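Working notes for the structure below.
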There are 2 protein chains.
Amino acid sequence: MKAKSASTEEKIKEAARVVFTKKGYAATKTRDIAEEAGLNLALLNYYFRSKEKLFEIVMIENLQKLFAFLAPTLNDTSLSLDKKIVTISANYIDMLFQNPDLPLFVLSEIRTRPERFAGIIKLDTYVLQSHFMQQIREKKKKINPVQFLISLMGMLIFPFLTRPVFQTSSAFDEASFTQLIKERKKLIPQWLKSMLE
Amino acid sequence: MKAKSASTEEKIKEAARVVFTKKGYAATKTRDIAEEAGLNLALLNYYFRSKEKLFEIVMIENLQKLFAFLAPTLNDTSLSLDKKIVTISANYIDMLFQNPDLPLFVLSEIRTRPERFAGIIKLDTYVLQSHFMQQIREKKKKINPVQFLISLMGMLIFPFLTRPVFQTSSAFDEASFTQLIKERKKLIPQWLKSMLE
DNA sequence: ATTTGATTTAAACAAATGATTAAATCAAAT
DNA sequence: ATTTGATTTAATCATTTGTTTAAATCAAAT
């Protein structure tokens, strides 16, 4: 009767991922997570000690997904700038399709307590001092390369942040959104290219 | 002793604007607002009946700022597409500088209860069916004009959404951020122009 | 000075929330 | 079958939260 595929601990984690990502930390009750997991409320404290500790685990995973996910491609010295932009666009959009609520959740929680996550994000190491940034700098010497990074990431992520806004319009259903994002996989690298010329 | 410039009601509203925008609805306690206003907790219910009602007032104001703010320029038939892009970029960035926390707060709350705000946002009327969108359609017939709208708004808004992320890097202080955004006022219209060619 | 209604105050309430507790149950070893 | 430690359960706790209540205070009219 204990031949379950998921341990209790893992069930709680998975439920926490779902509920925290959907509702954010403050609006998530421990009872919500217990219910989502189909388990007794007290188990959350038994396995994770506190709501806060559980949240931290979920948050660190999500930061990895959003930030560290980029590092290998950004720092790959064998790819041209154009190839990198194409690769990043494709990979990031695919990742976001699997985790559409992630950006808004993460940005919202970082805003609430930024100092808590500074050591994990490591923006300097993985992003700002990456090979990719060097490549941009060489291409456009007169403009801060961060400008292009922000625009690229903005164009990739923003539609996911505003999806609920677009869903308030009857002209936008799930299929429209998906279609729109698929088109962007092609458009964004083209746009970045013309911006860099 | 009642010759105050701000009425009690207005004081509460202003405090609510500050606290809700900073912390979001769920994490905001009525006691936080009372403290910010320097008033007695029970006054919130006396003047506004509930936390929810107070929030609604603040939220509607903020939606106007983010969405309706755009409508006049988008629908101004006397401006060329290029001029519109320049105007929107400048005006929106100025507005965001005064309300840097607004986008993240609004997007986050819309995500929590989108059906509540559909009637206020009026995306179809003011944005999707605007003169601006027609102008884009005429310029680039083969691409959904929403693509350009998303990219423009994404490039304008995204830096404000990710400001706390950038602040985790020691390379970014307030002055850097301001400088970066000022540059974008010029860069974004240029970029949009090349994207539309 | 008194009355009346409006506003403010501080305390209290009822429910919700994260956490704790102790007992029950399970699982493995002897 | 018993013991031991691990896990689970349901109840309880202590605190917090949005709201309500009743009294005090204010302000204007008489």
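Identifiers for the structure tokens are assigned positionally: chains receive A, B, ... in sequence, residues are indexed from 1 per chain, and ligands are indexed from 1 in the order shown.
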Could you do a least-squares fit of chain A on chain B over every C-alpha atom, in sequence order, and give the output as a PDB file with C-alpha atoms, in the first residue's frame?
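Okay, this is what ended up in superposed.pdb:
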ATOM      1  CA  MET A   1      -9.249  72.161  13.199  1.00  0.00           C
ATOM      2  CA  LYS A   2     -10.941  70.711  10.117  1.00  0.00           C
ATOM      3  CA  ALA A   3      -9.150  72.982   7.645  1.00  0.00           C
ATOM      4  CA  LYS A   4      -7.184  70.070   6.306  1.00  0.00           C
ATOM      5  CA  SER A   5      -6.193  69.963   2.673  1.00  0.00           C
ATOM      6  CA  ALA A   6      -7.086  66.325   2.328  1.00  0.00           C
ATOM      7  CA  SER A   7     -10.308  64.812   3.542  1.00  0.00           C
ATOM      8  CA  THR A   8     -10.238  61.579   5.497  1.00  0.00           C
ATOM      9  CA  GLU A   9     -11.665  59.773   2.522  1.00  0.00           C
ATOM     10  CA  GLU A  10      -8.939  61.058   0.257  1.00  0.00           C
ATOM     11  CA  LYS A  11      -6.233  60.185   2.771  1.00  0.00           C
ATOM     12  CA  ILE A  12      -7.427  56.618   2.891  1.00  0.00           C
ATOM     13  CA  LYS A  13      -7.561  56.412  -0.887  1.00  0.00           C
ATOM     14  CA  GLU A  14      -4.063  57.739  -1.244  1.00  0.00           C
ATOM     15  CA  ALA A  15      -2.737  55.330   1.361  1.00  0.00           C
ATOM     16  CA  ALA A  16      -4.531  52.494  -0.397  1.00  0.00           C
ATOM     17  CA  ARG A  17      -2.948  53.460  -3.707  1.00  0.00           C
ATOM     18  CA  VAL A  18       0.488  53.319  -2.171  1.00  0.00           C
ATOM     19  CA  VAL A  19       0.106  50.093  -0.236  1.00  0.00           C
ATOM     20  CA  PHE A  20      -1.941  48.068  -2.727  1.00  0.00           C
ATOM     21  CA  THR A  21       0.411  49.007  -5.559  1.00  0.00           C
ATOM     22  CA  LYS A  22       3.422  48.030  -3.510  1.00  0.00           C
ATOM     23  CA  LYS A  23       2.156  44.829  -1.944  1.00  0.00           C
ATOM     24  CA  GLY A  24      -0.779  43.674  -4.057  1.00  0.00           C
ATOM     25  CA  TYR A  25      -4.238  42.937  -2.716  1.00  0.00           C
ATOM     26  CA  ALA A  26      -3.619  39.692  -0.873  1.00  0.00           C
ATOM     27  CA  ALA A  27      -0.555  40.831   1.023  1.00  0.00           C
ATOM     28  CA  THR A  28      -2.058  44.160   1.968  1.00  0.00           C
ATOM     29  CA  LYS A  29      -3.732  44.284   5.380  1.00  0.00           C
ATOM     30  CA  THR A  30      -6.304  46.882   6.188  1.00  0.00           C
ATOM     31  CA  ARG A  31      -4.102  47.783   9.144  1.00  0.00           C
ATOM     32  CA  ASP A  32      -1.273  48.591   6.699  1.00  0.00           C
ATOM     33  CA  ILE A  33      -3.466  51.081   4.896  1.00  0.00           C
ATOM     34  CA  ALA A  34      -4.717  52.651   8.130  1.00  0.00           C
ATOM     35  CA  GLU A  35      -1.134  53.017   9.284  1.00  0.00           C
ATOM     36  CA  GLU A  36       0.003  54.522   5.996  1.00  0.00           C
ATOM     37  CA  ALA A  37      -2.877  56.988   6.229  1.00  0.00           C
ATOM     38  CA  GLY A  38      -2.203  57.716   9.896  1.00  0.00           C
ATOM     39  CA  LEU A  39      -5.852  57.008  10.661  1.00  0.00           C
ATOM     40  CA  ASN A  40      -7.961  54.664  12.695  1.00  0.00           C
ATOM     41  CA  LEU A  41      -8.557  51.212  11.194  1.00  0.00           C
ATOM     42  CA  ALA A  42     -12.350  51.366  11.478  1.00  0.00           C
ATOM     43  CA  LEU A  43     -12.474  54.355   9.152  1.00  0.00           C
ATOM     44  CA  LEU A  44     -11.728  52.130   6.197  1.00  0.00           C
ATOM     45  CA  ASN A  45     -15.021  50.340   6.674  1.00  0.00           C
ATOM     46  CA  TYR A  46     -16.854  53.523   7.591  1.00  0.00           C
ATOM     47  CA  TYR A  47     -15.865  55.238   4.318  1.00  0.00           C
ATOM     48  CA  PHE A  48     -15.438  52.338   1.932  1.00  0.00           C
ATOM     49  CA  ARG A  49     -17.354  49.424   3.479  1.00  0.00           C
ATOM     50  CA  SER A  50     -14.717  46.826   2.728  1.00  0.00           C
ATOM     51  CA  LYS A  51     -11.145  46.206   1.733  1.00  0.00           C
ATOM     52  CA  GLU A  52     -12.457  44.848  -1.536  1.00  0.00           C
ATOM     53  CA  LYS A  53     -14.388  47.990  -2.408  1.00  0.00           C
ATOM     54  CA  LEU A  54     -11.382  50.145  -1.672  1.00  0.00           C
ATOM     55  CA  PHE A  55      -9.218  47.954  -3.838  1.00  0.00           C
ATOM     56  CA  GLU A  56     -11.679  48.209  -6.705  1.00  0.00           C
ATOM     57  CA  ILE A  57     -11.434  51.977  -6.692  1.00  0.00           C
ATOM     58  CA  VAL A  58      -7.663  51.880  -6.805  1.00  0.00           C
ATOM     59  CA  MET A  59      -7.653  49.194  -9.452  1.00  0.00           C
ATOM     60  CA  ILE A  60      -9.990  51.031 -11.783  1.00  0.00           C
ATOM     61  CA  GLU A  61      -7.846  54.151 -11.562  1.00  0.00           C
ATOM     62  CA  ASN A  62      -4.796  52.110 -12.396  1.00  0.00           C
ATOM     63  CA  LEU A  63      -6.410  50.405 -15.336  1.00  0.00           C
ATOM     64  CA  GLN A  64      -7.291  53.807 -16.717  1.00  0.00           C
ATOM     65  CA  LYS A  65      -3.700  54.837 -16.366  1.00  0.00           C
ATOM     66  CA  LEU A  66      -2.385  51.801 -18.168  1.00  0.00           C
ATOM     67  CA  PHE A  67      -4.983  51.289 -20.850  1.00  0.00           C
ATOM     68  CA  ALA A  68      -7.280  54.211 -21.438  1.00  0.00           C
ATOM     69  CA  PHE A  69      -4.246  56.473 -21.303  1.00  0.00           C
ATOM     70  CA  LEU A  70      -3.273  55.126 -24.703  1.00  0.00           C
ATOM     71  CA  ALA A  71      -6.566  55.507 -26.485  1.00  0.00           C
ATOM     72  CA  PRO A  72      -6.464  59.157 -27.578  1.00  0.00           C
ATOM     73  CA  THR A  73      -3.101  58.845 -29.265  1.00  0.00           C
ATOM     74  CA  LEU A  74      -3.858  55.465 -30.806  1.00  0.00           C
ATOM     75  CA  ASN A  75      -7.034  56.845 -32.328  1.00  0.00           C
ATOM     76  CA  ASP A  76      -5.777  60.240 -33.404  1.00  0.00           C
ATOM     77  CA  THR A  77      -6.265  60.305 -37.174  1.00  0.00           C
ATOM     78  CA  SER A  78      -4.075  63.360 -37.674  1.00  0.00           C
ATOM     79  CA  LEU A  79      -0.825  61.655 -36.697  1.00  0.00           C
ATOM     80  CA  SER A  80       1.329  59.500 -38.947  1.00  0.00           C
ATOM     81  CA  LEU A  81       2.304  56.058 -37.762  1.00  0.00           C
ATOM     82  CA  ASP A  82       5.864  57.163 -37.063  1.00  0.00           C
ATOM     83  CA  LYS A  83       4.695  60.173 -35.101  1.00  0.00           C
ATOM     84  CA  LYS A  84       2.354  57.993 -33.077  1.00  0.00           C
ATOM     85  CA  ILE A  85       5.084  55.601 -32.148  1.00  0.00           C
ATOM     86  CA  VAL A  86       7.267  58.463 -31.002  1.00  0.00           C
ATOM     87  CA  THR A  87       4.428  60.046 -29.053  1.00  0.00           C
ATOM     88  CA  ILE A  88       3.295  56.842 -27.422  1.00  0.00           C
ATOM     89  CA  SER A  89       6.853  55.927 -26.483  1.00  0.00           C
ATOM     90  CA  ALA A  90       7.533  59.297 -24.896  1.00  0.00           C
ATOM     91  CA  ASN A  91       4.218  59.606 -23.112  1.00  0.00           C
ATOM     92  CA  TYR A  92       4.105  56.085 -21.856  1.00  0.00           C
ATOM     93  CA  ILE A  93       7.634  56.129 -20.538  1.00  0.00           C
ATOM     94  CA  ASP A  94       6.953  59.395 -18.739  1.00  0.00           C
ATOM     95  CA  MET A  95       3.825  57.913 -17.200  1.00  0.00           C
ATOM     96  CA  LEU A  96       5.717  54.791 -16.166  1.00  0.00           C
ATOM     97  CA  PHE A  97       8.460  56.826 -14.572  1.00  0.00           C
ATOM     98  CA  GLN A  98       5.827  58.318 -12.317  1.00  0.00           C
ATOM     99  CA  ASN A  99       4.247  54.969 -11.606  1.00  0.00           C
ATOM    100  CA  PRO A 100       7.028  52.418 -11.889  1.00  0.00           C
ATOM    101  CA  ASP A 101       5.220  49.751  -9.869  1.00  0.00           C
ATOM    102  CA  LEU A 102       2.018  50.017 -11.789  1.00  0.00           C
ATOM    103  CA  PRO A 103       2.455  47.454 -14.576  1.00  0.00           C
ATOM    104  CA  LEU A 104       3.463  44.610 -12.328  1.00  0.00           C
ATOM    105  CA  PHE A 105       0.716  45.334  -9.847  1.00  0.00           C
ATOM    106  CA  VAL A 106      -1.970  45.586 -12.500  1.00  0.00           C
ATOM    107  CA  LEU A 107      -0.884  42.542 -14.479  1.00  0.00           C
ATOM    108  CA  SER A 108      -0.639  40.520 -11.322  1.00  0.00           C
ATOM    109  CA  GLU A 109      -4.113  41.444 -10.154  1.00  0.00           C
ATOM    110  CA  ILE A 110      -5.645  40.942 -13.583  1.00  0.00           C
ATOM    111  CA  ARG A 111      -4.174  37.488 -13.588  1.00  0.00           C
ATOM    112  CA  THR A 112      -5.833  36.794 -10.269  1.00  0.00           C
ATOM    113  CA  ARG A 113      -9.310  37.774 -11.409  1.00  0.00           C
ATOM    114  CA  PRO A 114      -9.438  38.632 -15.147  1.00  0.00           C
ATOM    115  CA  GLU A 115     -13.199  38.468 -15.514  1.00  0.00           C
ATOM    116  CA  ARG A 116     -13.519  41.294 -13.028  1.00  0.00           C
ATOM    117  CA  PHE A 117     -11.800  43.801 -15.277  1.00  0.00           C
ATOM    118  CA  ALA A 118     -12.857  42.869 -18.762  1.00  0.00           C
ATOM    119  CA  GLY A 119     -15.501  45.573 -18.951  1.00  0.00           C
ATOM    120  CA  ILE A 120     -13.044  48.221 -17.890  1.00  0.00           C
ATOM    121  CA  ILE A 121     -10.061  47.374 -20.043  1.00  0.00           C
ATOM    122  CA  LYS A 122     -11.982  47.516 -23.321  1.00  0.00           C
ATOM    123  CA  LEU A 123      -9.075  46.250 -25.310  1.00  0.00           C
ATOM    124  CA  ASP A 124     -11.148  45.791 -28.437  1.00  0.00           C
ATOM    125  CA  THR A 125     -12.584  49.283 -28.569  1.00  0.00           C
ATOM    126  CA  TYR A 126      -9.602  51.385 -27.694  1.00  0.00           C
ATOM    127  CA  VAL A 127      -6.685  49.318 -28.853  1.00  0.00           C
ATOM    128  CA  LEU A 128      -7.375  46.435 -31.182  1.00  0.00           C
ATOM    129  CA  GLN A 129      -9.734  48.420 -33.385  1.00  0.00           C
ATOM    130  CA  SER A 130      -7.777  51.642 -33.232  1.00  0.00           C
ATOM    131  CA  HIS A 131      -6.542  53.769 -36.064  1.00  0.00           C
ATOM    132  CA  PHE A 132      -3.038  52.857 -35.037  1.00  0.00           C
ATOM    133  CA  MET A 133      -3.689  49.191 -35.713  1.00  0.00           C
ATOM    134  CA  GLN A 134      -5.110  50.048 -39.086  1.00  0.00           C
ATOM    135  CA  GLN A 135      -1.992  52.036 -39.887  1.00  0.00           C
ATOM    136  CA  ILE A 136       0.188  49.073 -39.030  1.00  0.00           C
ATOM    137  CA  ARG A 137      -1.979  46.729 -41.039  1.00  0.00           C
ATOM    138  CA  GLU A 138      -1.578  48.933 -44.101  1.00  0.00           C
ATOM    139  CA  LYS A 139       2.142  49.062 -43.669  1.00  0.00           C
ATOM    140  CA  LYS A 140       2.699  45.354 -43.139  1.00  0.00           C
ATOM    141  CA  LYS A 141      -0.147  43.439 -44.654  1.00  0.00           C
ATOM    142  CA  LYS A 142       1.243  39.988 -44.105  1.00  0.00           C
ATOM    143  CA  ILE A 143       1.763  40.164 -40.382  1.00  0.00           C
ATOM    144  CA  ASN A 144      -0.877  40.431 -37.659  1.00  0.00           C
ATOM    145  CA  PRO A 145      -0.617  44.024 -36.385  1.00  0.00           C
ATOM    146  CA  VAL A 146      -1.005  42.769 -32.834  1.00  0.00           C
ATOM    147  CA  GLN A 147       2.549  41.474 -33.148  1.00  0.00           C
ATOM    148  CA  PHE A 148       3.901  44.994 -33.457  1.00  0.00           C
ATOM    149  CA  LEU A 149       1.691  46.291 -30.698  1.00  0.00           C
ATOM    150  CA  ILE A 150       2.942  43.604 -28.324  1.00  0.00           C
ATOM    151  CA  SER A 151       6.531  44.303 -29.230  1.00  0.00           C
ATOM    152  CA  LEU A 152       6.152  48.036 -28.787  1.00  0.00           C
ATOM    153  CA  MET A 153       4.388  47.753 -25.448  1.00  0.00           C
ATOM    154  CA  GLY A 154       6.733  44.981 -24.384  1.00  0.00           C
ATOM    155  CA  MET A 155       9.788  47.101 -25.039  1.00  0.00           C
ATOM    156  CA  LEU A 156       8.247  50.048 -23.225  1.00  0.00           C
ATOM    157  CA  ILE A 157       6.955  48.214 -20.181  1.00  0.00           C
ATOM    158  CA  PHE A 158       9.292  45.281 -19.663  1.00  0.00           C
ATOM    159  CA  PRO A 159      12.158  47.232 -18.113  1.00  0.00           C
ATOM    160  CA  PHE A 160       9.798  48.479 -15.427  1.00  0.00           C
ATOM    161  CA  LEU A 161       8.567  44.963 -14.754  1.00  0.00           C
ATOM    162  CA  THR A 162      12.117  43.694 -14.358  1.00  0.00           C
ATOM    163  CA  ARG A 163      13.565  46.604 -12.470  1.00  0.00           C
ATOM    164  CA  PRO A 164      13.857  44.628  -9.206  1.00  0.00           C
ATOM    165  CA  VAL A 165      15.744  41.943 -11.137  1.00  0.00           C
ATOM    166  CA  PHE A 166      18.240  44.431 -12.435  1.00  0.00           C
ATOM    167  CA  GLN A 167      18.557  45.920  -8.998  1.00  0.00           C
ATOM    168  CA  THR A 168      19.938  42.613  -7.756  1.00  0.00           C
ATOM    169  CA  SER A 169      23.029  43.391  -9.817  1.00  0.00           C
ATOM    170  CA  SER A 170      25.497  45.797  -8.280  1.00  0.00           C
ATOM    171  CA  ALA A 171      26.053  47.246 -11.739  1.00  0.00           C
ATOM    172  CA  PHE A 172      22.621  48.829 -11.675  1.00  0.00           C
ATOM    173  CA  ASP A 173      21.610  51.770  -9.549  1.00  0.00           C
ATOM    174  CA  GLU A 174      18.753  54.212  -9.901  1.00  0.00           C
ATOM    175  CA  ALA A 175      20.727  56.506 -12.171  1.00  0.00           C
ATOM    176  CA  SER A 176      21.685  53.661 -14.515  1.00  0.00           C
ATOM    177  CA  PHE A 177      18.097  52.607 -14.808  1.00  0.00           C
ATOM    178  CA  THR A 178      16.931  56.125 -15.539  1.00  0.00           C
ATOM    179  CA  GLN A 179      19.642  56.574 -18.130  1.00  0.00           C
ATOM    180  CA  LEU A 180      18.733  53.281 -19.745  1.00  0.00           C
ATOM    181  CA  ILE A 181      15.076  54.211 -20.038  1.00  0.00           C
ATOM    182  CA  LYS A 182      15.813  57.646 -21.420  1.00  0.00           C
ATOM    183  CA  GLU A 183      17.864  56.055 -24.165  1.00  0.00           C
ATOM    184  CA  ARG A 184      14.966  53.799 -24.942  1.00  0.00           C
ATOM    185  CA  LYS A 185      12.735  56.735 -25.656  1.00  0.00           C
ATOM    186  CA  LYS A 186      14.855  57.277 -28.742  1.00  0.00           C
ATOM    187  CA  LEU A 187      15.790  53.716 -29.546  1.00  0.00           C
ATOM    188  CA  ILE A 188      12.356  52.141 -29.446  1.00  0.00           C
ATOM    189  CA  PRO A 189      10.794  54.315 -32.171  1.00  0.00           C
ATOM    190  CA  GLN A 190      13.877  53.683 -34.320  1.00  0.00           C
ATOM    191  CA  TRP A 191      13.558  49.957 -33.747  1.00  0.00           C
ATOM    192  CA  LEU A 192       9.868  49.917 -34.522  1.00  0.00           C
ATOM    193  CA  LYS A 193      10.566  51.769 -37.707  1.00  0.00           C
ATOM    194  CA  SER A 194      13.083  49.204 -38.887  1.00  0.00           C
ATOM    195  CA  MET A 195      10.776  46.377 -37.824  1.00  0.00           C
ATOM    196  CA  LEU A 196       8.042  47.856 -39.967  1.00  0.00           C
ATOM    197  CA  GLU A 197      10.156  48.112 -43.091  1.00  0.00           C
TER     198      GLU A 197
END
Interface residues on chain C facing chain B, 10 Å, only C-alpha atoms (C1' of nucleotides), written as an MDAnalysis selection string: chainID C and resid 7:10
Convert the current residue selection to file output with N, CA and C atoms (P, O5', C5', C4', C3', O3' and C1' of nucleotides), as a JSON list (two decimals), in the first residue's frame.
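Wrote part-v1.json, looks like this:
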[["chain", "number", "residue", "atom", "x", "y", "z"],
["C", 7, "DT", "P", -19.41, 62.64, 7.73],
["C", 7, "DT", "O5'", -18.37, 62.39, 8.89],
["C", 7, "DT", "C5'", -17.75, 63.50, 9.51],
["C", 7, "DT", "C4'", -16.90, 63.03, 10.66],
["C", 7, "DT", "C3'", -15.87, 61.96, 10.29],
["C", 7, "DT", "O3'", -14.61, 62.51, 10.59],
["C", 7, "DT", "C1'", -16.99, 61.44, 12.32],
["C", 8, "DT", "P", -13.26, 61.70, 10.27],
["C", 8, "DT", "O5'", -12.95, 61.03, 11.69],
["C", 8, "DT", "C5'", -12.73, 61.87, 12.80],
["C", 8, "DT", "C4'", -12.59, 61.03, 14.06],
["C", 8, "DT", "C3'", -11.55, 59.93, 13.98],
["C", 8, "DT", "O3'", -10.56, 60.24, 14.93],
["C", 8, "DT", "C1'", -13.57, 59.17, 15.00],
["C", 9, "DT", "P", -9.27, 59.29, 15.10],
["C", 9, "DT", "O5'", -9.69, 58.36, 16.31],
["C", 9, "DT", "C5'", -10.11, 58.94, 17.54],
["C", 9, "DT", "C4'", -10.53, 57.85, 18.49],
["C", 9, "DT", "C3'", -9.56, 56.67, 18.52],
["C", 9, "DT", "O3'", -8.94, 56.64, 19.79],
["C", 9, "DT", "C1'", -11.85, 55.95, 18.36],
["C", 10, "DA", "P", -7.66, 55.73, 20.07],
["C", 10, "DA", "O5'", -8.29, 54.50, 20.84],
["C", 10, "DA", "C5'", -9.27, 54.73, 21.85],
["C", 10, "DA", "C4'", -9.90, 53.41, 22.21],
["C", 10, "DA", "C3'", -8.90, 52.25, 22.25],
["C", 10, "DA", "O3'", -9.23, 51.48, 23.38],
["C", 10, "DA", "C1'", -10.66, 51.74, 20.77]]
Selection near DT30 in chain D, 12 Å with only C-alpha atoms (C1' of nucleotides), sequence-local residues under 6 positions removed, as an MDAnalysis selection string: chainID C and resid 1:4
Output file for the selection above: C-alpha atoms (C1' of nucleotides), as a short mmCIF file (atom, residue, chain, number, x, y, z; two decimals), in the first residue's frame:
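Resulting contents of part-v3.cif:
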data_model
loop_
_atom_site.label_atom_id
_atom_site.label_comp_id
_atom_site.auth_asym_id
_atom_site.auth_seq_id
_atom_site.Cartn_x
_atom_site.Cartn_y
_atom_site.Cartn_z
"C1'" DA C 1 -26.55 75.20 26.50
"C1'" DT C 2 -28.80 71.46 24.06
"C1'" DT C 3 -29.76 68.58 20.24
"C1'" DT C 4 -28.66 66.15 16.26
#
DSSP on the backbone: what in range 156-185 of chain A comes out helix (DSSP H, G or I), as an mmCIF file with N, CA, C and O atoms, in the first residue's frame?
data_model
loop_
_atom_site.group_PDB
_atom_site.id
_atom_site.type_symbol
_atom_site.label_atom_id
_atom_site.label_comp_id
_atom_site.auth_asym_id
_atom_site.auth_seq_id
_atom_site.Cartn_x
_atom_site.Cartn_y
_atom_site.Cartn_z
ATOM 1 N N LEU A 156 10.028 38.402 -25.913
ATOM 2 C CA LEU A 156 9.753 36.981 -25.675
ATOM 3 C C LEU A 156 8.748 36.790 -24.539
ATOM 4 O O LEU A 156 7.827 35.989 -24.642
ATOM 5 N N ILE A 157 8.935 37.513 -23.480
ATOM 6 C CA ILE A 157 8.192 37.262 -22.241
ATOM 7 C C ILE A 157 6.879 38.043 -22.144
ATOM 8 O O ILE A 157 5.883 37.530 -21.612
ATOM 9 N N PHE A 158 6.874 39.243 -22.638
ATOM 10 C CA PHE A 158 5.714 40.117 -22.456
ATOM 11 C C PHE A 158 4.366 39.517 -22.844
ATOM 12 O O PHE A 158 3.390 39.672 -22.106
ATOM 13 N N PRO A 159 4.283 38.820 -23.964
ATOM 14 C CA PRO A 159 2.979 38.226 -24.291
ATOM 15 C C PRO A 159 2.461 37.274 -23.210
ATOM 16 O O PRO A 159 1.260 37.205 -22.977
ATOM 17 N N PHE A 160 3.357 36.580 -22.559
ATOM 18 C CA PHE A 160 2.933 35.670 -21.498
ATOM 19 C C PHE A 160 2.480 36.439 -20.258
ATOM 20 O O PHE A 160 1.574 36.016 -19.549
ATOM 21 N N LEU A 161 3.103 37.565 -20.023
ATOM 22 C CA LEU A 161 2.710 38.399 -18.885
ATOM 23 C C LEU A 161 1.323 39.005 -19.106
ATOM 24 O O LEU A 161 0.576 39.216 -18.153
ATOM 25 N N ARG A 163 -1.058 37.794 -21.163
ATOM 26 C CA ARG A 163 -2.067 36.865 -21.664
ATOM 27 C C ARG A 163 -3.448 37.076 -21.047
ATOM 28 O O ARG A 163 -4.445 37.103 -21.763
ATOM 29 N N PRO A 164 -3.570 37.213 -19.735
ATOM 30 C CA PRO A 164 -4.900 37.454 -19.160
ATOM 31 C C PRO A 164 -5.556 38.726 -19.698
ATOM 32 O O PRO A 164 -6.767 38.790 -19.818
ATOM 33 N N VAL A 165 -4.762 39.719 -20.036
ATOM 34 C CA VAL A 165 -5.304 40.949 -20.618
ATOM 35 C C VAL A 165 -5.921 40.636 -21.974
ATOM 36 O O VAL A 165 -7.054 41.027 -22.262
ATOM 37 N N PHE A 166 -5.182 39.932 -22.781
ATOM 38 C CA PHE A 166 -5.690 39.603 -24.104
ATOM 39 C C PHE A 166 -6.901 38.681 -24.018
ATOM 40 O O PHE A 166 -7.799 38.743 -24.848
ATOM 41 N N GLU A 174 -7.415 30.562 -26.886
ATOM 42 C CA GLU A 174 -6.157 29.832 -26.685
ATOM 43 C C GLU A 174 -5.406 29.606 -27.981
ATOM 44 O O GLU A 174 -4.189 29.784 -28.069
ATOM 45 N N ALA A 175 -6.171 29.232 -29.026
ATOM 46 C CA ALA A 175 -5.532 28.949 -30.310
ATOM 47 C C ALA A 175 -4.892 30.198 -30.914
ATOM 48 O O ALA A 175 -3.799 30.131 -31.475
ATOM 49 N N SER A 176 -5.590 31.326 -30.800
ATOM 50 C CA SER A 176 -5.031 32.592 -31.301
ATOM 51 C C SER A 176 -3.721 32.921 -30.613
ATOM 52 O O SER A 176 -2.762 33.338 -31.252
ATOM 53 N N PHE A 177 -3.735 32.752 -29.320
ATOM 54 C CA PHE A 177 -2.528 33.064 -28.548
ATOM 55 C C PHE A 177 -1.373 32.177 -28.989
ATOM 56 O O PHE A 177 -0.261 32.640 -29.213
ATOM 57 N N THR A 178 -1.643 30.903 -29.089
ATOM 58 C CA THR A 178 -0.609 29.955 -29.508
ATOM 59 C C THR A 178 -0.075 30.301 -30.887
ATOM 60 O O THR A 178 1.143 30.313 -31.109
ATOM 61 N N GLN A 179 -0.967 30.583 -31.779
ATOM 62 C CA GLN A 179 -0.583 30.994 -33.139
ATOM 63 C C GLN A 179 0.303 32.237 -33.103
ATOM 64 O O GLN A 179 1.346 32.291 -33.761
ATOM 65 N N LEU A 180 -0.124 33.198 -32.340
ATOM 66 C CA LEU A 180 0.619 34.454 -32.208
ATOM 67 C C LEU A 180 2.040 34.223 -31.725
ATOM 68 O O LEU A 180 3.005 34.793 -32.229
ATOM 69 N N ILE A 181 2.191 33.367 -30.734
ATOM 70 C CA ILE A 181 3.509 33.113 -30.164
ATOM 71 C C ILE A 181 4.383 32.326 -31.127
ATOM 72 O O ILE A 181 5.586 32.554 -31.235
ATOM 73 N N LYS A 182 3.789 31.416 -31.831
ATOM 74 C CA LYS A 182 4.557 30.646 -32.823
ATOM 75 C C LYS A 182 5.133 31.554 -33.903
ATOM 76 O O LYS A 182 6.274 31.395 -34.332
ATOM 77 N N GLU A 183 4.317 32.500 -34.328
ATOM 78 C CA GLU A 183 4.799 33.486 -35.302
ATOM 79 C C GLU A 183 5.969 34.272 -34.733
ATOM 80 O O GLU A 183 6.918 34.614 -35.451
ATOM 81 N N ARG A 184 5.899 34.544 -33.479
ATOM 82 C CA ARG A 184 6.962 35.351 -32.866
ATOM 83 C C ARG A 184 8.301 34.637 -32.822
ATOM 84 O O ARG A 184 9.348 35.276 -32.834
ATOM 85 N N LYS A 185 8.252 33.344 -32.791
ATOM 86 C CA LYS A 185 9.505 32.588 -32.844
ATOM 87 C C LYS A 185 10.327 32.969 -34.068
ATOM 88 O O LYS A 185 11.556 32.995 -34.028
#
Could you build a table of the residues in chain D lying no more than 12 Å from chain A, giving for each the nearest pair of atoms and their separation in Å rounded to one decimal place, using only C-alpha atoms (C1' of nucleotides), ordered by chain and ascending residue number, as JSON lines?
{"residue": "D:DA6", "atom": "C1'", "partner": "A:Tyr46", "partner_atom": "CA", "distance": 11.2}
{"residue": "D:DT7", "atom": "C1'", "partner": "A:Leu43", "partner_atom": "CA", "distance": 9.0}
{"residue": "D:DT8", "atom": "C1'", "partner": "A:Leu43", "partner_atom": "CA", "distance": 7.6}
{"residue": "D:DT9", "atom": "C1'", "partner": "A:Asn40", "partner_atom": "CA", "distance": 7.1}
{"residue": "D:DA10", "atom": "C1'", "partner": "A:Asn40", "partner_atom": "CA", "distance": 9.1}
{"residue": "D:DA11", "atom": "C1'", "partner": "A:Ala42", "partner_atom": "CA", "distance": 11.0}
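Minimum atom-to-atom distances from C:DT17, C:DA28, C:DA11, C:DA6 to DT16 in chain D were compared using only C-alpha atoms (C1' of nucleotides), and the lowest value belongs to C:DT17.
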